[in-house]
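*Asks:* First, the structure itself, so that you have it in front of you.
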Amino acid sequence: MAVAVAISIDLHLRLSSQVSPIWQTLSEYVYGYLSPGSTAAPLFGAMCLALGLGSLALLGGIAKAHRSGYESVLVLLGVWCAGLFVLALVPVDPEGQARSLAGQIHNYAALTAFLALPAAAWALTRPGRARCPWEPRRTTIRRLSVASFAAVVIVLGGFVWTMLTGPSHQEVTLGLFERLLFAVDLTLLATMVRPLLSDR
């Protein structure tokens, strides 16, 4: 997860003049150029893979805890991981071009993944579980889950609005809200990981 954060920061710094962090999404870094003839696509893919592998380690830690009732959490985290792997392999459509099958797969994978993570976190902190290691952070995790859901709704609404009215009428700063969503989800993952590290 730390590797994913480091790559994200690197992309933002090196491509600040090519990709707007306010209006353009994270996925559009694949069309940035780090040097003549060298796109940032492999670096973006590495970021998604690193975050996916880190999340897979979290999934393994929860599964290793051998606690009943966490099956839905494992499934939802698996969906989140699978979505990240798809994002790493299937690029988004270039801005202004017609929708392609690959671009649609990318968009649906992103939406599914970003809905699955806060759902998994919410299910993880369901009340009434005896000796739950996430209980001390239950309120924090649930607040972050709500914030994540809210950011997804705003980003999705912005995409729908842009599709209906055209890019020239873009009113919602999709890039900014998507980066906010990314930051919230990273914080959510770190909060979910912490109890597992404390038990080691």
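Residue numbering restarts at 1 in every chain; chains get A, B, ... in the order shown in the structure tokens, and ligands count up from 1 in that same order.
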What lies within 12 Å of Ile62 in chain A using only C-alpha atoms, ignoring chain neighbours under 3 positions off, as a ChimeraX atom specification?
*Replies:* /A:55-59,65-75,77-78,120-121,124,132-134,192-197,199
*Asks:* Residues at most 10 Å from Val86 in chain A, counting only C-alpha atoms, excluding those fewer than 3 positions away in the same chain, as a PyMOL selection string?
*Replies:* chain A and resi 45+48-49+52+81-83+89-91+105-110+113
*Asks:* With N, CA and C atoms retained, export the selected residues as a PDB file, in the first residue's frame.
*Replies:*
```
ATOM      1  N   GLY A  45      -0.247   1.225 -13.873  1.00  0.00           N
ATOM      2  CA  GLY A  45      -0.565  -0.184 -13.661  1.00  0.00           C
ATOM      3  C   GLY A  45       0.110  -0.733 -12.419  1.00  0.00           C
ATOM      4  N   CYS A  48      -1.801   0.377  -9.283  1.00  0.00           N
ATOM      5  CA  CYS A  48      -3.020  -0.415  -9.041  1.00  0.00           C
ATOM      6  C   CYS A  48      -2.676  -1.816  -8.545  1.00  0.00           C
ATOM      7  N   LEU A  49      -1.647  -2.422  -9.135  1.00  0.00           N
ATOM      8  CA  LEU A  49      -1.233  -3.768  -8.710  1.00  0.00           C
ATOM      9  C   LEU A  49      -0.717  -3.753  -7.274  1.00  0.00           C
ATOM     10  N   GLY A  52      -3.633  -3.436  -5.043  1.00  0.00           N
ATOM     11  CA  GLY A  52      -4.371  -4.690  -5.068  1.00  0.00           C
ATOM     12  C   GLY A  52      -3.694  -5.766  -4.239  1.00  0.00           C
ATOM     13  N   CYS A  81     -10.207  -6.131  -4.758  1.00  0.00           N
ATOM     14  CA  CYS A  81      -8.902  -6.520  -5.306  1.00  0.00           C
ATOM     15  C   CYS A  81      -9.002  -6.822  -6.804  1.00  0.00           C
ATOM     16  N   ALA A  82     -10.023  -7.577  -7.185  1.00  0.00           N
ATOM     17  CA  ALA A  82     -10.208  -7.925  -8.598  1.00  0.00           C
ATOM     18  C   ALA A  82     -10.399  -6.664  -9.438  1.00  0.00           C
ATOM     19  N   GLY A  83     -11.170  -5.708  -8.910  1.00  0.00           N
ATOM     20  CA  GLY A  83     -11.378  -4.458  -9.628  1.00  0.00           C
ATOM     21  C   GLY A  83     -10.078  -3.710  -9.850  1.00  0.00           C
ATOM     22  N   LEU A  89      -4.851  -3.431 -15.813  1.00  0.00           N
ATOM     23  CA  LEU A  89      -4.649  -4.090 -17.108  1.00  0.00           C
ATOM     24  C   LEU A  89      -5.461  -3.474 -18.236  1.00  0.00           C
ATOM     25  N   VAL A  90      -6.612  -2.888 -17.917  1.00  0.00           N
ATOM     26  CA  VAL A  90      -7.517  -2.368 -18.954  1.00  0.00           C
ATOM     27  C   VAL A  90      -7.560  -0.844 -18.860  1.00  0.00           C
ATOM     28  N   PRO A  91      -7.091  -0.127 -19.861  1.00  0.00           N
ATOM     29  CA  PRO A  91      -7.030   1.337 -19.782  1.00  0.00           C
ATOM     30  C   PRO A  91      -8.381   2.007 -19.982  1.00  0.00           C
ATOM     31  N   ILE A 105     -15.366  -1.562 -19.606  1.00  0.00           N
ATOM     32  CA  ILE A 105     -14.930  -2.536 -18.597  1.00  0.00           C
ATOM     33  C   ILE A 105     -14.162  -1.827 -17.486  1.00  0.00           C
ATOM     34  N   HIS A 106     -13.285  -0.903 -17.883  1.00  0.00           N
ATOM     35  CA  HIS A 106     -12.507  -0.132 -16.907  1.00  0.00           C
ATOM     36  C   HIS A 106     -13.445   0.644 -15.979  1.00  0.00           C
ATOM     37  N   ASN A 107     -14.411   1.332 -16.553  1.00  0.00           N
ATOM     38  CA  ASN A 107     -15.315   2.161 -15.750  1.00  0.00           C
ATOM     39  C   ASN A 107     -16.165   1.331 -14.792  1.00  0.00           C
ATOM     40  N   TYR A 108     -16.702   0.203 -15.290  1.00  0.00           N
ATOM     41  CA  TYR A 108     -17.537  -0.631 -14.424  1.00  0.00           C
ATOM     42  C   TYR A 108     -16.706  -1.311 -13.338  1.00  0.00           C
ATOM     43  N   ALA A 109     -15.465  -1.691 -13.674  1.00  0.00           N
ATOM     44  CA  ALA A 109     -14.586  -2.297 -12.672  1.00  0.00           C
ATOM     45  C   ALA A 109     -14.266  -1.295 -11.571  1.00  0.00           C
ATOM     46  N   ALA A 110     -14.025  -0.038 -11.972  1.00  0.00           N
ATOM     47  CA  ALA A 110     -13.736   1.007 -10.985  1.00  0.00           C
ATOM     48  C   ALA A 110     -14.933   1.238 -10.067  1.00  0.00           C
ATOM     49  N   ALA A 113     -15.434  -1.752  -7.709  1.00  0.00           N
ATOM     50  CA  ALA A 113     -14.385  -1.818  -6.688  1.00  0.00           C
ATOM     51  C   ALA A 113     -14.588  -0.764  -5.610  1.00  0.00           C
TER      52      ALA A 113
END
```
*Asks:* Tell me which of A:Met1, A:Ile22, A:Ala88, A:Ala6 sits closest to Phe44 in chain A, counting only C-alpha atoms.
*Replies:*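 Under the stated criterion, the closest residue is A:Ala88.
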*Asks:* Tell me which protein, DNA and RNA residues are within 10 Å of Val153 in chain A, counting only C-alpha atoms, leaving out same-chain ones fewer than 5 positions away, and put them as an mmCIF file with N, CA and C atoms, in the first residue's frame.
*Replies:*
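around32.cif written:
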```cif
data_model
loop_
_atom_site.group_PDB
_atom_site.id
_atom_site.type_symbol
_atom_site.label_atom_id
_atom_site.label_comp_id
_atom_site.auth_asym_id
_atom_site.auth_seq_id
_atom_site.Cartn_x
_atom_site.Cartn_y
_atom_site.Cartn_z
ATOM 1 N N LEU A 111 -16.116 1.360 -10.663
ATOM 2 C CA LEU A 111 -17.320 1.598 -9.866
ATOM 3 C C LEU A 111 -17.570 0.451 -8.893
ATOM 4 N N LEU A 115 -17.233 0.687 -4.687
ATOM 5 C CA LEU A 115 -18.402 0.416 -3.855
ATOM 6 C C LEU A 115 -18.147 -0.760 -2.914
ATOM 7 N N ALA A 147 -18.010 8.324 4.194
ATOM 8 C CA ALA A 147 -17.331 9.324 3.366
ATOM 9 C C ALA A 147 -16.970 8.745 2.006
ATOM 10 N N SER A 148 -16.539 7.481 1.991
ATOM 11 C CA SER A 148 -16.199 6.819 0.729
ATOM 12 C C SER A 148 -17.431 6.661 -0.157
ATOM 13 N N GLY A 158 -21.167 12.983 -11.321
ATOM 14 C CA GLY A 158 -20.423 13.832 -12.234
ATOM 15 C C GLY A 158 -20.213 13.184 -13.583
ATOM 16 N N PHE A 159 -19.909 11.888 -13.584
ATOM 17 C CA PHE A 159 -19.744 11.155 -14.845
ATOM 18 C C PHE A 159 -21.048 11.141 -15.638
#
```
*Asks:* Restricting the calculation to only C-alpha atoms: of A:Ser20, A:Ser145, A:Thr187, A:Thr162, which residue gets closest to Ala2 in chain A?
*Replies:* A:Thr187
*Asks:* Can you tell me which residues surround range 171-185 of chain A at a distance of at most 7 Å, considering only C-alpha atoms, apart from same-chain residues fewer than 5 positions away, and format the answer as a count of residues only?
*Replies:* 12
*Asks:* Any chance you could list, as a VMD selection string, the residues in range 29-132 of chain A that come up strand (DSSP E or B) when DSSP is run on the backbone?
*Replies:* chain A and resid 33 to 35 38 to 39
*Asks:* From chain A, collect each residue whose DSSP state is alpha helix (DSSP H) and return the set as a ChimeraX atom specification.
*Replies:* /A:2-14,41-64,71-89,101-124,138-165,174-198
*Asks:* List the neighbours of Glu135 in chain A out to 12 Å using only C-alpha atoms; skip same-chain residues closer than 3 positions along the sequence, and give me the result as a VMD selection string.
*Replies:* chain A and resid 121 to 132 138 to 142 191 to 192 194 to 195
*Asks:* I'd like to know which of A:Val79, A:Ile9, A:Ala119, A:Leu43 is closest to Val146 in chain A, using only C-alpha atoms.
*Replies:*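 Among the listed residues, the smallest separation from Val146 in chain A belongs to A:Ala119.
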